[in-house]
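A.B. asks: Submitted below is the structure of interest, expressed as structure tokens.
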Amino acid sequence: MRAVIVGGGIIGLTTAIALRRQGIEAMIHEQAPAIRAAGAGLGLWANAVAVFDELGLGEQVRAIGRPAEMFFRNHAGEVIHPSGYSDDNHRYLLVHRAKLNDLLAEAVGPDHIRLDSRLVGYDETDTGVTAHFGDGTRAGADLLVGADGVYSIVRSLLLPGSEAVEHKGHHAWRAVVPPPAGTTIDRSVIVLGEERTRGGYVPTADGTVYWLVNQFGVDPLHGTPKEQAAERAAFLDTTGWNPALPALIASTPDEQVLHNQVMLVPPLARWVSQRVVLARRFRSRTFPAHHRGCVAGCGGRAVAGPAAHLLRWRGGRAGRLRSRPDPALPEGQRVGQDGGGLCDAGGIRRPLCGLQTLDAQPVAALTTWRTG
């Protein structure tokens, strides 16, 4: 059996490793000239770490990470305790996204990754799928997996009109920097602030600090990204209890501040066809806050799903994929037939939170697109 995976990010790499452990040949096609990761810190909750344990990479992942806790505070610094959860539910492993990407790429191996390979189309039948690439080459397979990001080419081909759109007024700023002189960072601080802001900082395994600020309902932006982040950080501390965040932002070189307009994928009618499947992470919104994406992709069904389908083919129990809603989401949290897009919650249009599972639930309870 053979699978073609479009996208050489964390989800695509992890999917390739999972399939190969099941004896399924997997080839990654990445449109960039090198395997590289965009972003900063990434939090792996217990279910995502368990996937890496199952893939034989758990100890290597822990070696590049740092145990951390995520307790939310209000703008006055008071800890918020969601009912029904223990301290264990707030613990996770913080890693640098680029280091995890490098580790996974090494595990896949260069012979199983093709760079500068941009998908431009595919043909599928009951018996297989042929992927077409921009350089004129083709690749035949039993399965095509779309793990190519929020601007997924696979998704646009599978479902025309499903392109990502802006979540109006929702922006995020972040960076990874050494702590400035005179500032001690010995714990994670994440705040739900005023004016619909969230943010804080987390110490990483290598002694640097990952800081983040995001806001809903942002007015037209002015100034540099660094100035924009500093302006919003003021809403996270109204009593002077937390001077570290402004100090971290002030110490960050302007060119190192990452700014993102948060994007949404509209509701999808389906996420599979006969021989094509979208990784779960790329069937919904992208949200660069509190490092939740890898939980969705690695801790959910994005890795297990393609492998399970191919194993059923090998066992003769199924001949092709069938279009169906995302089974990882509770029935009440499905929009159409997928977890992407917006739902009505208490009279407010909010994106659904189906991405977290198990240990990530307390984060979901507090961070599901708070409108302030």
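A note on labels: chains of the structure tokens are A, B, ... as shown, every chain counts residues from 1, and ligands are counted from 1 in their shown order.
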Among region 108-303 of chain A, which ones does DSSP assign to strand (DSSP E or B) (computed from the backbone)? Answer as a PyMOL selection string.
C.D. replies: chain A and resi 113-114+119-124+129-133+138-141+143-146+165-177+189-192+197-203+209-215+258-264+272+276-278+286
A.B. asks: Identify, on the basis of only C-alpha atoms, every residue whose closest approach to region 64-68 of chain A does not exceed 8 Å; exclude the query and any residue fewer than 6 positions from it along the same chain; express the result as a PyMOL selection string.
C.D. replies: chain A and resi 91-96+99-100+187-188+202+204-205
A.B. asks: For a quick check of understanding, using only C-alpha atoms, which of A:Glu166, A:Asp148, A:Glu227, A:Asp219 has the smallest distance to Met263 (chain A)?
C.D. replies: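 Counting only C-alpha atoms, the residue closest to Met263 (chain A) is A:Glu166.
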A.B. asks: Smallest atom-to-atom distance to Thr184 (chain A): which of A:Ser156, A:Pro220, A:Gln274, A:Ala247, using only C-alpha atoms?
C.D. replies: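 Once distances to Thr184 (chain A) are computed over only C-alpha atoms, the minimum belongs to A:Ala247.
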A.B. asks: Which residue gives the smallest distance to Glu163 (chain A) among A:Leu42, A:Val150, A:Ile5, A:Val49, with only C-alpha atoms counted?
C.D. replies: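 Closest residue, counting only C-alpha atoms: A:Val150.
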A.B. asks: Kindly give the distance, in Å, that separates CA of Ile24 (chain A) and CA of Arg2 (chain A), rounded to a single decimal.
C.D. replies: 5.8 Å
A.B. asks: Can you measure CA of Gly77 (chain A) to CA of Gly193 (chain A) for me? One decimal in Å is fine.
C.D. replies: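 Result for CA of Gly77 (chain A) versus CA of Gly193 (chain A): 9.6 Å, one decimal.
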A.B. asks: Within 9 Å of Ala164 (chain A), counting only C-alpha atoms, which residues qualify if same-chain residues fewer than 5 places away don't, as a list in words?
C.D. replies: Val150, Tyr151, Ser152, Met263, Leu264, Val265, Pro266 and Arg285 of chain A
A.B. asks: Those residues with C-alpha atoms, as a PDB file, in the first residue's frame please?
C.D. replies:
```pdb
ATOM      1  CA  VAL A 150      -4.961  26.321   6.281  1.00  0.00           C
ATOM      2  CA  TYR A 151      -4.456  27.337   2.633  1.00  0.00           C
ATOM      3  CA  SER A 152      -4.718  23.683   1.627  1.00  0.00           C
ATOM      4  CA  MET A 263      -8.106  32.620   9.518  1.00  0.00           C
ATOM      5  CA  LEU A 264     -11.192  30.406   9.364  1.00  0.00           C
ATOM      6  CA  VAL A 265     -12.060  27.487   7.144  1.00  0.00           C
ATOM      7  CA  PRO A 266     -15.786  27.562   6.334  1.00  0.00           C
ATOM      8  CA  ARG A 285      -9.720  27.215  11.820  1.00  0.00           C
TER       9      ARG A 285
END
```
A.B. asks: So that I can check the secondary structure, give me every residue of region 39-157 of chain A assigned alpha helix (DSSP H) by backbone DSSP, as number ranges by chain.
C.D. replies: A: 46-54, 58-63, 97-108, 153-157
A.B. asks: Take the residues just selected and output them with N, CA, C and O atoms as a CSV table (one decimal), in the first residue's frame.
C.D. replies:
```
chain,number,residue,atom,x,y,z
A,46,ALA,N,-1.3,15.7,26.9
A,46,ALA,CA,-1.0,14.3,27.2
A,46,ALA,C,-1.4,13.4,26.1
A,46,ALA,O,-0.7,12.4,25.8
A,47,ASN,N,-2.5,13.7,25.4
A,47,ASN,CA,-2.9,12.8,24.3
A,47,ASN,C,-2.0,12.9,23.1
A,47,ASN,O,-1.8,11.9,22.4
A,48,ALA,N,-1.5,14.1,22.8
A,48,ALA,CA,-0.5,14.2,21.7
A,48,ALA,C,0.8,13.5,22.1
A,48,ALA,O,1.4,12.8,21.2
A,49,VAL,N,1.3,13.7,23.3
A,49,VAL,CA,2.5,13.0,23.7
A,49,VAL,C,2.3,11.5,23.6
A,49,VAL,O,3.2,10.7,23.3
A,50,ALA,N,1.1,11.0,24.0
A,50,ALA,CA,0.9,9.5,23.9
A,50,ALA,C,1.0,9.0,22.5
A,50,ALA,O,1.4,7.9,22.3
A,51,VAL,N,0.6,9.8,21.5
A,51,VAL,CA,0.8,9.4,20.1
A,51,VAL,C,2.2,9.3,19.8
A,51,VAL,O,2.6,8.3,19.2
A,52,PHE,N,3.1,10.2,20.2
A,52,PHE,CA,4.5,10.1,20.0
A,52,PHE,C,5.1,8.9,20.7
A,52,PHE,O,6.0,8.3,20.2
A,53,ASP,N,4.6,8.6,21.9
A,53,ASP,CA,5.1,7.4,22.6
A,53,ASP,C,4.7,6.2,21.7
A,53,ASP,O,5.6,5.3,21.5
A,54,GLU,N,3.5,6.1,21.2
A,54,GLU,CA,3.1,5.0,20.4
A,54,GLU,C,4.0,4.9,19.1
A,54,GLU,O,4.2,3.8,18.6
A,58,GLY,N,8.5,9.2,21.8
A,58,GLY,CA,8.2,9.9,23.0
A,58,GLY,C,9.4,10.5,23.8
A,58,GLY,O,9.4,11.7,24.2
A,59,GLU,N,10.4,9.7,24.0
A,59,GLU,CA,11.6,10.1,24.7
A,59,GLU,C,12.3,11.2,24.0
A,59,GLU,O,12.8,12.2,24.6
A,60,GLN,N,12.4,11.1,22.7
A,60,GLN,CA,13.1,12.2,21.9
A,60,GLN,C,12.3,13.5,21.9
A,60,GLN,O,12.9,14.6,22.0
A,61,VAL,N,11.0,13.4,21.9
A,61,VAL,CA,10.1,14.6,22.0
A,61,VAL,C,10.3,15.2,23.4
A,61,VAL,O,10.4,16.5,23.5
A,62,ARG,N,10.3,14.4,24.4
A,62,ARG,CA,10.4,15.0,25.8
A,62,ARG,C,11.8,15.6,26.0
A,62,ARG,O,11.9,16.6,26.7
A,63,ALA,N,12.8,15.1,25.2
A,63,ALA,CA,14.1,15.7,25.4
A,63,ALA,C,14.3,17.1,24.8
A,63,ALA,O,15.1,17.9,25.2
A,97,ARG,N,8.5,24.7,18.1
A,97,ARG,CA,7.9,24.1,16.9
A,97,ARG,C,9.0,23.7,15.9
A,97,ARG,O,8.9,22.6,15.3
A,98,ALA,N,10.0,24.5,15.7
A,98,ALA,CA,11.0,24.2,14.7
A,98,ALA,C,11.8,22.9,15.1
A,98,ALA,O,12.2,22.1,14.2
A,99,LYS,N,12.1,22.8,16.4
A,99,LYS,CA,12.9,21.6,16.8
A,99,LYS,C,12.0,20.3,16.7
A,99,LYS,O,12.6,19.3,16.3
A,100,LEU,N,10.7,20.4,16.9
A,100,LEU,CA,9.9,19.2,16.7
A,100,LEU,C,9.8,18.9,15.3
A,100,LEU,O,9.9,17.7,14.9
A,101,ASN,N,9.7,19.9,14.4
A,101,ASN,CA,9.6,19.7,13.0
A,101,ASN,C,10.9,19.0,12.5
A,101,ASN,O,10.9,18.0,11.7
A,102,ASP,N,12.1,19.4,13.0
A,102,ASP,CA,13.3,18.8,12.6
A,102,ASP,C,13.4,17.4,13.1
A,102,ASP,O,13.9,16.5,12.3
A,103,LEU,N,13.0,17.1,14.3
A,103,LEU,CA,13.0,15.7,14.8
A,103,LEU,C,12.2,14.8,14.0
A,103,LEU,O,12.6,13.7,13.6
A,104,LEU,N,11.0,15.2,13.6
A,104,LEU,CA,10.1,14.4,12.8
A,104,LEU,C,10.6,14.2,11.4
A,104,LEU,O,10.5,13.1,10.8
A,105,ALA,N,11.2,15.2,10.8
A,105,ALA,CA,11.7,15.1,9.5
A,105,ALA,C,12.9,14.1,9.5
A,105,ALA,O,13.0,13.3,8.5
A,106,GLU,N,13.7,14.1,10.5
A,106,GLU,CA,14.8,13.1,10.6
A,106,GLU,C,14.2,11.7,10.7
A,106,GLU,O,14.7,10.8,10.1
A,107,ALA,N,13.1,11.6,11.5
A,107,ALA,CA,12.5,10.2,11.6
A,107,ALA,C,11.9,9.7,10.3
A,107,ALA,O,12.0,8.5,10.0
A,108,VAL,N,11.3,10.6,9.5
A,108,VAL,CA,10.8,10.2,8.2
A,108,VAL,C,11.9,9.9,7.3
A,108,VAL,O,11.9,8.9,6.5
A,153,ILE,N,-4.2,23.2,-0.7
A,153,ILE,CA,-4.6,22.9,-2.1
A,153,ILE,C,-5.4,21.7,-2.2
A,153,ILE,O,-6.4,21.7,-3.0
A,154,VAL,N,-5.2,20.7,-1.4
A,154,VAL,CA,-6.0,19.5,-1.4
A,154,VAL,C,-7.4,19.8,-1.1
A,154,VAL,O,-8.3,19.3,-1.8
A,155,ARG,N,-7.6,20.6,0.0
A,155,ARG,CA,-9.0,21.0,0.3
A,155,ARG,C,-9.7,21.8,-0.8
A,155,ARG,O,-10.9,21.5,-1.1
A,156,SER,N,-9.0,22.7,-1.4
A,156,SER,CA,-9.6,23.5,-2.5
A,156,SER,C,-10.0,22.6,-3.7
A,156,SER,O,-10.9,22.9,-4.4
A,157,LEU,N,-9.2,21.6,-3.9
A,157,LEU,CA,-9.5,20.7,-5.0
A,157,LEU,C,-10.7,19.7,-4.7
A,157,LEU,O,-11.5,19.4,-5.5
```
A.B. asks: Could you pull the residues within 10 Å of Pro225 (chain A), counting only C-alpha atoms, minus those fewer than 4 positions along the same chain, as a list in words?
C.D. replies: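 Final neighbour list, sorted by chain and number: Ala172, Trp173, Arg174, Leu221, Ala229, Ala230, Glu231, Asp254, Glu255, Gln256, Val257, Leu258, His259 and Asn260 of chain A.
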A.B. asks: So which residues touch Val213 (chain A) within 10 Å, counting only C-alpha atoms, skipping near sequence neighbours fewer than 4 positions away, as a PyMOL selection string?
C.D. replies: chain A and resi 171-175+190-191+197-201+228-233+236+245+249+259+288-290
A.B. asks: For Arg118 (chain A), work out the shell of residues within 12 Å, counting only C-alpha atoms and skipping chain neighbours fewer than 2 positions away, then give it as a ChimeraX atom specification.
C.D. replies: /A:5-8,28-33,114-116,120-122,131-139,148,152-154
